[in-house]
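Below is upload24.csv, which holds CSV, C-alpha atoms and all ligand atoms.
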```
chain,number,residue,atom,x,y,z
A,27,MET,CA,51.2,93.1,138.7
A,28,ALA,CA,52.7,93.8,135.3
A,29,ALA,CA,55.5,91.6,134.3
A,30,ASN,CA,59.0,93.1,134.8
A,31,ILE,CA,61.1,92.8,131.7
A,32,LEU,CA,64.9,93.2,131.8
A,33,VAL,CA,66.2,94.7,128.6
A,34,VAL,CA,69.9,94.0,128.1
A,35,GLU,CA,71.2,96.0,125.1
A,36,ASP,CA,74.3,98.1,124.7
A,37,GLU,CA,73.1,100.3,121.9
A,38,PRO,CA,71.3,103.3,123.4
A,39,ALA,CA,68.9,103.9,120.5
A,40,ILE,CA,67.8,100.2,120.4
A,41,GLN,CA,67.6,100.0,124.2
A,42,GLU,CA,65.3,103.1,124.2
A,43,LEU,CA,63.1,101.6,121.5
A,44,LEU,CA,62.8,98.3,123.3
A,45,VAL,CA,61.9,99.9,126.6
A,46,LEU,CA,59.3,102.2,124.9
A,47,ASN,CA,57.7,99.2,123.3
A,48,VAL,CA,57.7,97.1,126.5
A,49,MET,CA,56.1,99.9,128.5
A,50,GLN,CA,53.5,100.7,125.9
A,51,CYS,CA,52.3,97.1,126.2
A,52,GLY,CA,51.8,97.7,129.9
A,53,TYR,CA,54.9,95.8,131.2
A,54,ARG,CA,57.6,97.3,133.4
A,55,ALA,CA,61.1,97.6,132.1
A,56,THR,CA,64.5,97.5,133.7
A,57,GLN,CA,67.6,98.4,131.7
A,58,ALA,CA,71.1,96.9,131.6
A,59,HIS,CA,73.8,97.7,129.0
A,60,ASP,CA,76.0,94.7,129.5
A,61,ALA,CA,76.2,91.3,131.2
A,62,PRO,CA,77.6,92.5,134.6
A,63,SER,CA,74.9,95.2,135.0
A,64,ALA,CA,72.3,92.6,134.0
A,65,LEU,CA,73.6,90.2,136.6
A,66,ALA,CA,73.6,93.0,139.2
A,67,HIS,CA,69.8,93.6,138.5
A,68,ILE,CA,69.0,89.9,138.6
A,69,SER,CA,70.8,89.4,141.9
A,70,ARG,CA,68.4,91.9,143.4
A,71,ALA,CA,65.2,90.9,141.8
A,72,LEU,CA,64.3,88.1,139.3
A,73,PRO,CA,62.8,89.6,136.1
A,74,ASP,CA,59.8,87.8,134.6
A,75,LEU,CA,61.5,87.8,131.2
A,76,ILE,CA,64.8,89.0,129.7
A,77,LEU,CA,65.2,90.6,126.3
A,78,LEU,CA,68.9,89.8,125.7
A,79,ASP,CA,71.0,91.2,122.9
A,80,TRP,CA,73.4,88.7,121.4
A,81,MET,CA,76.3,91.2,120.8
A,82,LEU,CA,77.2,92.8,124.1
A,83,PRO,CA,80.5,94.4,125.0
A,84,GLY,CA,82.7,91.9,126.9
A,85,SER,CA,80.6,88.9,127.7
A,86,SER,CA,78.1,88.0,124.9
A,87,GLY,CA,74.4,87.4,125.3
A,88,VAL,CA,74.8,83.7,124.6
A,89,GLU,CA,77.3,83.4,127.5
A,90,LEU,CA,75.0,85.3,129.8
A,91,ALA,CA,72.1,83.0,128.8
A,92,ARG,CA,74.2,79.9,129.5
A,93,ARG,CA,75.2,81.2,132.8
A,94,LEU,CA,71.6,82.0,133.9
A,95,ARG,CA,70.5,78.5,132.8
A,96,ALA,CA,73.3,76.9,134.8
A,97,GLU,CA,72.1,78.4,138.1
A,98,GLN,CA,69.1,77.1,140.0
A,99,ARG,CA,67.8,80.5,141.0
A,100,THR,CA,67.9,81.9,137.4
A,101,ARG,CA,67.3,78.7,135.4
A,102,ASN,CA,63.7,79.3,134.6
A,103,ILE,CA,63.7,83.0,133.6
A,104,PRO,CA,62.3,83.2,130.1
A,105,ILE,CA,64.8,84.7,127.7
A,106,ILE,CA,64.3,86.1,124.2
A,107,MET,CA,67.5,86.6,122.3
A,108,LEU,CA,67.9,89.6,120.0
A,109,THR,CA,70.3,89.6,117.2
A,110,ALA,CA,71.3,91.2,113.9
A,111,ARG,CA,72.3,87.8,112.5
A,112,THR,CA,70.0,85.9,110.3
A,113,ASP,CA,72.1,82.9,110.0
A,114,GLU,CA,70.4,79.6,110.8
A,115,HIS,CA,73.5,78.4,112.5
A,116,ASP,CA,73.4,81.3,114.9
A,117,LYS,CA,69.8,80.8,115.6
A,118,ILE,CA,70.5,77.2,116.6
A,119,ALA,CA,73.4,78.4,118.8
A,120,GLY,CA,71.1,80.9,120.5
A,121,LEU,CA,68.4,78.4,121.2
A,122,GLU,CA,71.0,75.9,122.4
A,123,SER,CA,72.3,78.4,124.9
A,124,GLY,CA,68.9,78.2,126.6
A,125,ALA,CA,67.0,81.1,124.9
A,126,ASP,CA,63.2,80.4,124.7
A,127,ASP,CA,62.8,82.4,121.5
A,128,TYR,CA,64.8,84.4,119.1
A,129,ILE,CA,64.1,87.7,117.3
A,130,THR,CA,66.1,89.2,114.4
A,131,LYS,CA,66.8,93.0,114.2
A,132,PRO,CA,65.3,95.0,112.7
A,133,PHE,CA,62.0,93.8,114.2
A,134,SER,CA,58.6,95.2,114.2
A,135,PRO,CA,57.1,96.3,117.6
A,136,ARG,CA,54.1,94.0,116.9
A,137,GLU,CA,56.3,91.0,116.3
A,138,LEU,CA,58.3,91.7,119.5
A,139,MET,CA,55.2,92.0,121.6
A,140,ALA,CA,53.6,88.9,120.1
A,141,ARG,CA,56.8,86.9,121.0
A,142,ILE,CA,57.0,88.4,124.5
A,143,ARG,CA,53.3,87.5,125.2
A,144,ALA,CA,53.8,83.9,123.8
A,145,VAL,CA,56.9,83.3,125.9
A,146,LEU,CA,55.3,84.7,129.1
A,147,ARG,CA,52.1,82.6,128.5
A,148,ARG,CA,54.3,79.5,128.1
A,149,ARG,CA,56.9,80.1,130.7
A,150,ALA,CA,55.3,82.4,133.3
A,151,PRO,CA,51.6,81.6,133.4
A,152,GLN,CA,51.2,83.6,136.6
A,153,MET,CA,52.0,86.7,134.5
A,154,SER,CA,49.2,85.9,132.0
A,155,GLU,CA,45.8,87.6,132.2
A,156,GLU,CA,43.9,84.3,131.5
A,157,THR,CA,41.4,83.1,134.1
A,158,VAL,CA,42.6,80.0,136.0
A,159,SER,CA,40.2,77.4,137.4
A,160,LEU,CA,41.1,74.7,139.8
A,161,LYS,CA,39.4,72.7,142.6
A,162,GLY,CA,36.3,75.0,142.6
A,163,LEU,CA,38.6,78.1,142.7
A,164,GLN,CA,38.4,80.6,139.9
A,165,LEU,CA,40.9,83.4,139.6
A,166,SER,CA,40.6,86.2,137.0
A,167,PRO,CA,43.8,88.4,136.7
A,168,ALA,CA,42.0,90.8,134.3
A,169,THR,CA,39.2,91.6,136.8
A,170,HIS,CA,41.2,90.8,139.9
A,171,ARG,CA,38.5,88.6,141.2
A,172,VAL,CA,38.6,85.3,143.0
A,173,SER,CA,35.7,82.9,143.8
A,174,ALA,CA,35.4,79.6,145.5
A,175,HIS,CA,32.5,77.4,144.4
A,176,GLY,CA,30.9,80.6,142.9
A,177,THR,CA,31.2,82.7,146.1
A,178,SER,CA,33.4,85.7,145.8
A,179,ILE,CA,36.5,85.9,148.0
A,180,ASP,CA,38.2,89.1,149.1
A,181,LEU,CA,42.0,89.0,148.9
A,182,GLY,CA,44.7,91.5,149.4
A,183,PRO,CA,47.1,92.2,146.4
A,184,THR,CA,49.9,90.0,147.8
A,185,GLU,CA,47.5,87.1,148.6
A,186,PHE,CA,46.1,87.4,145.1
A,187,ARG,CA,49.5,87.1,143.5
A,188,LEU,CA,50.4,84.3,145.8
A,189,LEU,CA,47.3,82.3,144.9
A,190,HIS,CA,47.8,83.1,141.2
A,191,PHE,CA,51.3,81.7,141.4
A,192,PHE,CA,50.2,78.6,143.3
A,193,MET,CA,47.3,77.9,140.9
A,194,THR,CA,49.7,78.0,137.9
A,195,HIS,CA,52.4,76.0,139.7
A,196,THR,CA,50.7,73.2,141.5
A,197,GLU,CA,52.2,70.2,143.2
A,198,ARG,CA,55.8,71.5,143.4
A,199,VAL,CA,57.3,72.6,146.7
A,200,TYR,CA,58.5,76.2,146.8
A,201,SER,CA,60.8,77.5,149.5
A,202,ARG,CA,60.2,80.8,151.2
A,203,SER,CA,63.1,82.3,149.3
A,204,GLN,CA,61.7,81.0,145.9
A,205,LEU,CA,58.3,82.4,146.7
A,206,LEU,CA,59.9,85.8,147.5
A,207,ASP,CA,61.7,85.7,144.2
A,208,GLN,CA,58.6,84.7,142.2
A,209,VAL,CA,55.8,86.5,143.9
A,210,TRP,CA,57.4,89.5,145.6
A,211,GLY,CA,60.2,89.8,143.1
A,212,ASP,CA,62.6,90.5,145.9
A,213,HIS,CA,64.5,88.0,147.9
A,214,VAL,CA,67.0,90.4,149.5
A,215,PHE,CA,65.0,93.0,151.4
A,216,VAL,CA,61.9,91.1,152.3
A,217,GLU,CA,62.1,88.7,155.3
A,218,GLU,CA,61.2,85.1,154.8
A,219,ARG,CA,58.7,85.4,157.7
A,220,THR,CA,56.7,87.7,155.5
A,221,VAL,CA,55.8,84.7,153.3
A,222,ASP,CA,54.3,82.9,156.4
A,223,VAL,CA,52.2,85.9,157.2
A,224,HIS,CA,50.7,86.0,153.8
A,225,ILE,CA,50.2,82.3,153.5
A,226,ARG,CA,48.3,82.5,156.8
A,227,ARG,CA,46.1,85.3,155.4
A,228,LEU,CA,45.4,83.4,152.2
A,229,ARG,CA,44.4,80.2,154.2
A,230,GLN,CA,42.1,82.3,156.3
A,231,ALA,CA,40.4,83.7,153.2
A,232,LEU,CA,40.0,80.2,151.8
A,233,GLU,CA,38.8,78.6,155.1
A,234,PRO,CA,35.0,79.4,154.7
A,235,SER,CA,35.0,77.4,151.4
A,236,GLY,CA,37.0,74.5,153.0
A,237,LEU,CA,39.8,75.0,150.5
A,238,ASP,CA,42.5,76.2,153.0
A,239,SER,CA,44.0,72.8,153.1
A,240,ILE,CA,45.1,72.9,149.5
A,241,ILE,CA,48.0,75.0,150.6
A,242,GLN,CA,50.3,72.5,152.4
A,243,THR,CA,53.2,73.3,154.6
A,244,VAL,CA,56.1,71.0,153.8
A,245,ARG,CA,58.2,70.9,156.9
A,246,GLY,CA,61.8,72.2,156.4
A,247,SER,CA,61.1,73.0,152.8
A,248,GLY,CA,58.3,75.5,152.2
A,249,TYR,CA,54.8,75.4,150.7
A,250,ARG,CA,53.0,73.4,148.1
A,251,PHE,CA,49.6,73.9,146.4
A,252,SER,CA,48.1,70.5,146.0
A,253,SER,CA,45.1,69.9,143.7
A,254,ASP,CA,44.8,66.2,144.7
B,1,CA,CA,74.6,95.0,120.8
```

Could you write out this file's structure as structure tokens?
Amino acid sequence: MAANILVVEDEPAIQELLVLNVMQCGYRATQAHDAPSALAHISRALPDLILLDWMLPGSSGVELARRLRAEQRTRNIPIIMLTARTDEHDKIAGLESGADDYITKPFSPRELMARIRAVLRRRAPQMSEETVSLKGLQLSPATHRVSAHGTSIDLGPTEFRLLHFFMTHTERVYSRSQLLDQVWGDHVFVEERTVDVHIRRLRQALEPSGLDSIIQTVRGSGYRFSSD
């Protein structure tokens, strides 16, 4: 699934340009014109990356970045700060607020896209198109193929995303709610039981290759992909 990018910018012309560039690169775009509307979007679904304007009416982009970094649910969303300022001091303040990268207006579409790709690759590897290999499993996002020890495995789209997320986030325990946020992009309208259903399907698909046990149930917490 294409990464969902939240574009937070109050100037309509720049907002439009950003959204156009983002969509031309095959990403999905959600728009917000200030901090409260950005927070409203984020409370419904976690974006995969935020393009955040420094100068917003009311609460600034820096304040919003700090607030997102302070909360557990939003702490890891990659943020690229946009600004008209070229001051080194401001650049440092932007990065200290928790932004992953920084881009100065006016920017070229090519530079913007290169930075988005680099940040996604670093911070959200499950959004990358690169093939992942682990424990005899090979998953290719570009061709949407999975194999175990060279034998092809048929997976539904949700199981595919779930496996991609796990293969790029091994060893850590994820709660059902965190998985809904990260894999479904929706923790409000999808029931937590749904996660169990898809985990069961994924395990069934991995069973013939004997790899089903790498998805561990952690009682009372959630699930973990263990490559041990
Ligand atoms: Ca602005």

Selection within 9 Å of ligand CA 1 (chain B) by only C-alpha atoms and all ligand atoms, output as a ChimeraX atom specification: /A:34-37,40,59-60,79-83,86-87,108-110

Show which residues sit within 7 Å of segment 177-193 of chain A, as an mmCIF file with C-alpha atoms, in the coordinates of the input. Count only C-alpha atoms, and ignore same-chain residues fewer than 5 positions away.
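After the write, out_33.cif holds the following:
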```cif
data_model
loop_
_atom_site.group_PDB
_atom_site.id
_atom_site.type_symbol
_atom_site.label_atom_id
_atom_site.label_comp_id
_atom_site.auth_asym_id
_atom_site.auth_seq_id
_atom_site.Cartn_x
_atom_site.Cartn_y
_atom_site.Cartn_z
ATOM 1 C CA GLN A 152 51.200 83.600 136.600
ATOM 2 C CA VAL A 172 38.600 85.300 143.000
ATOM 3 C CA VAL A 209 55.800 86.500 143.900
ATOM 4 C CA HIS A 224 50.700 86.000 153.800
ATOM 5 C CA LEU A 228 45.400 83.400 152.200
ATOM 6 C CA ALA A 231 40.400 83.700 153.200
ATOM 7 C CA PHE A 251 49.600 73.900 146.400
#
```

Local residues around (64.5, 85.9, 139.9), at most 10 Å away, using all atoms listed in the file, as an MDAnalysis selection string: chainID A and resid 67:75 98:103 204:213

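Taking atom CA of Leu32 of chain A as the reference point, atom CA of Ala91 of chain A is found at 12.8 Å.
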
Residue contacts of Glu155 of chain A (8 Å, only C-alpha atoms) excluding same-chain residues fewer than 2 positions away, as a ChimeraX atom specification: /A:153,157,166-168

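The gap separating atom CA of Arg147 of chain A from atom CA of Arg250 of chain A is 21.7 Å, in Å to one decimal.
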
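Residue nearest Ser252 of chain A, chosen from A:Ser239, A:Ala96, A:Asp222, A:Ala29 and counting only C-alpha atoms: A:Ser239.
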
Atom-to-atom span, atom CA of Pro104 of chain A and atom CA of Arg143 of chain A, Å: 11.1 Å

Which residue of A:Gln50, A:Met139, A:Val33, A:Thr130 approaches Ile105 of chain A most closely, using all atoms listed in the file: A:Val33

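Across A:Leu237, A:Ile106, A:Gly120, A:Arg171, the tightest approach to Ala144 of chain A is made by A:Ile106 when counting only C-alpha atoms.
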
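With all atoms listed in the file as the atoms that count, the residue of A:Ile240, A:Ala58, A:Ala39, A:Ile118 with the shortest distance to Gly162 of chain A is A:Ile240.
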
Could you add all heavy atoms to segment 222-233 of chain A and give me the result as a short mmCIF file (atom, residue, chain, number, x, y, z; two decimals), in the frame of the given file?
```cif
data_model
loop_
_atom_site.label_atom_id
_atom_site.label_comp_id
_atom_site.auth_asym_id
_atom_site.auth_seq_id
_atom_site.Cartn_x
_atom_site.Cartn_y
_atom_site.Cartn_z
N ASP A 222 55.22 83.59 155.43
CA ASP A 222 54.30 82.90 156.40
C ASP A 222 53.10 83.71 156.70
O ASP A 222 51.99 83.19 156.78
CB ASP A 222 55.08 82.52 157.65
CG ASP A 222 56.31 81.66 157.36
OD1 ASP A 222 56.27 80.90 156.38
OD2 ASP A 222 57.30 81.77 158.10
N VAL A 223 53.31 85.00 156.89
CA VAL A 223 52.20 85.90 157.20
C VAL A 223 51.15 85.88 156.11
O VAL A 223 49.95 85.75 156.37
CB VAL A 223 52.72 87.35 157.45
CG1 VAL A 223 51.55 88.33 157.59
CG2 VAL A 223 53.63 87.40 158.67
N HIS A 224 51.60 85.99 154.87
CA HIS A 224 50.70 86.00 153.80
C HIS A 224 50.02 84.68 153.46
O HIS A 224 48.87 84.62 153.02
CB HIS A 224 51.32 86.65 152.52
CG HIS A 224 51.59 88.11 152.69
ND1 HIS A 224 50.62 89.06 152.46
CD2 HIS A 224 52.68 88.78 153.13
CE1 HIS A 224 51.12 90.26 152.73
NE2 HIS A 224 52.37 90.11 153.14
N ILE A 225 50.78 83.62 153.70
CA ILE A 225 50.20 82.30 153.50
C ILE A 225 49.05 82.13 154.56
O ILE A 225 47.98 81.62 154.23
CB ILE A 225 51.26 81.18 153.78
CG1 ILE A 225 52.30 81.18 152.65
CG2 ILE A 225 50.61 79.80 153.98
CD1 ILE A 225 51.96 80.36 151.44
N ARG A 226 49.28 82.58 155.79
CA ARG A 226 48.30 82.50 156.80
C ARG A 226 47.00 83.25 156.41
O ARG A 226 45.89 82.76 156.50
CB ARG A 226 48.81 83.02 158.16
CG ARG A 226 48.02 82.55 159.37
CD ARG A 226 48.59 83.12 160.67
NE ARG A 226 50.03 83.01 160.72
CZ ARG A 226 50.85 84.00 161.11
NH1 ARG A 226 50.37 85.18 161.46
NH2 ARG A 226 52.16 83.82 161.13
N ARG A 227 47.21 84.46 155.88
CA ARG A 227 46.10 85.30 155.40
C ARG A 227 45.30 84.60 154.29
O ARG A 227 44.08 84.62 154.24
CB ARG A 227 46.53 86.65 154.96
CG ARG A 227 46.90 87.54 156.11
CD ARG A 227 47.13 88.95 155.61
NE ARG A 227 47.87 89.71 156.59
CZ ARG A 227 48.66 90.74 156.32
NH1 ARG A 227 48.82 91.14 155.06
NH2 ARG A 227 49.29 91.38 157.27
N LEU A 228 46.07 84.02 153.38
CA LEU A 228 45.40 83.40 152.20
C LEU A 228 44.62 82.15 152.72
O LEU A 228 43.48 81.95 152.28
CB LEU A 228 46.52 82.92 151.24
CG LEU A 228 46.06 82.22 149.97
CD1 LEU A 228 45.04 83.05 149.20
CD2 LEU A 228 47.26 81.92 149.06
N ARG A 229 45.17 81.39 153.64
CA ARG A 229 44.40 80.20 154.20
C ARG A 229 43.16 80.68 154.90
O ARG A 229 42.11 80.05 154.75
CB ARG A 229 45.31 79.46 155.16
CG ARG A 229 46.27 78.51 154.46
CD ARG A 229 47.07 77.77 155.50
NE ARG A 229 47.96 76.79 154.91
CZ ARG A 229 49.15 76.50 155.41
NH1 ARG A 229 49.58 77.10 156.50
NH2 ARG A 229 49.91 75.60 154.82
N GLN A 230 43.28 81.78 155.64
CA GLN A 230 42.10 82.30 156.30
C GLN A 230 41.00 82.67 155.36
O GLN A 230 39.83 82.40 155.59
CB GLN A 230 42.47 83.52 157.19
CG GLN A 230 43.04 83.13 158.56
CD GLN A 230 43.74 84.30 159.25
OE1 GLN A 230 43.78 85.41 158.72
NE2 GLN A 230 44.30 84.03 160.42
N ALA A 231 41.41 83.27 154.23
CA ALA A 231 40.40 83.70 153.20
C ALA A 231 39.78 82.46 152.56
O ALA A 231 38.63 82.53 152.13
CB ALA A 231 41.10 84.56 152.17
N LEU A 232 40.53 81.36 152.47
CA LEU A 232 40.00 80.20 151.80
C LEU A 232 39.22 79.26 152.76
O LEU A 232 38.52 78.35 152.33
CB LEU A 232 41.15 79.36 151.18
CG LEU A 232 41.92 80.04 150.04
CD1 LEU A 232 43.12 79.19 149.61
CD2 LEU A 232 41.02 80.30 148.83
N GLU A 233 39.36 79.51 154.05
CA GLU A 233 38.80 78.60 155.10
C GLU A 233 37.26 78.45 154.95
O GLU A 233 36.78 77.31 154.98
CB GLU A 233 39.14 79.15 156.46
CG GLU A 233 39.38 78.04 157.44
CD GLU A 233 39.86 78.56 158.79
OE1 GLU A 233 40.48 79.65 158.82
OE2 GLU A 233 39.58 77.90 159.78
#
```
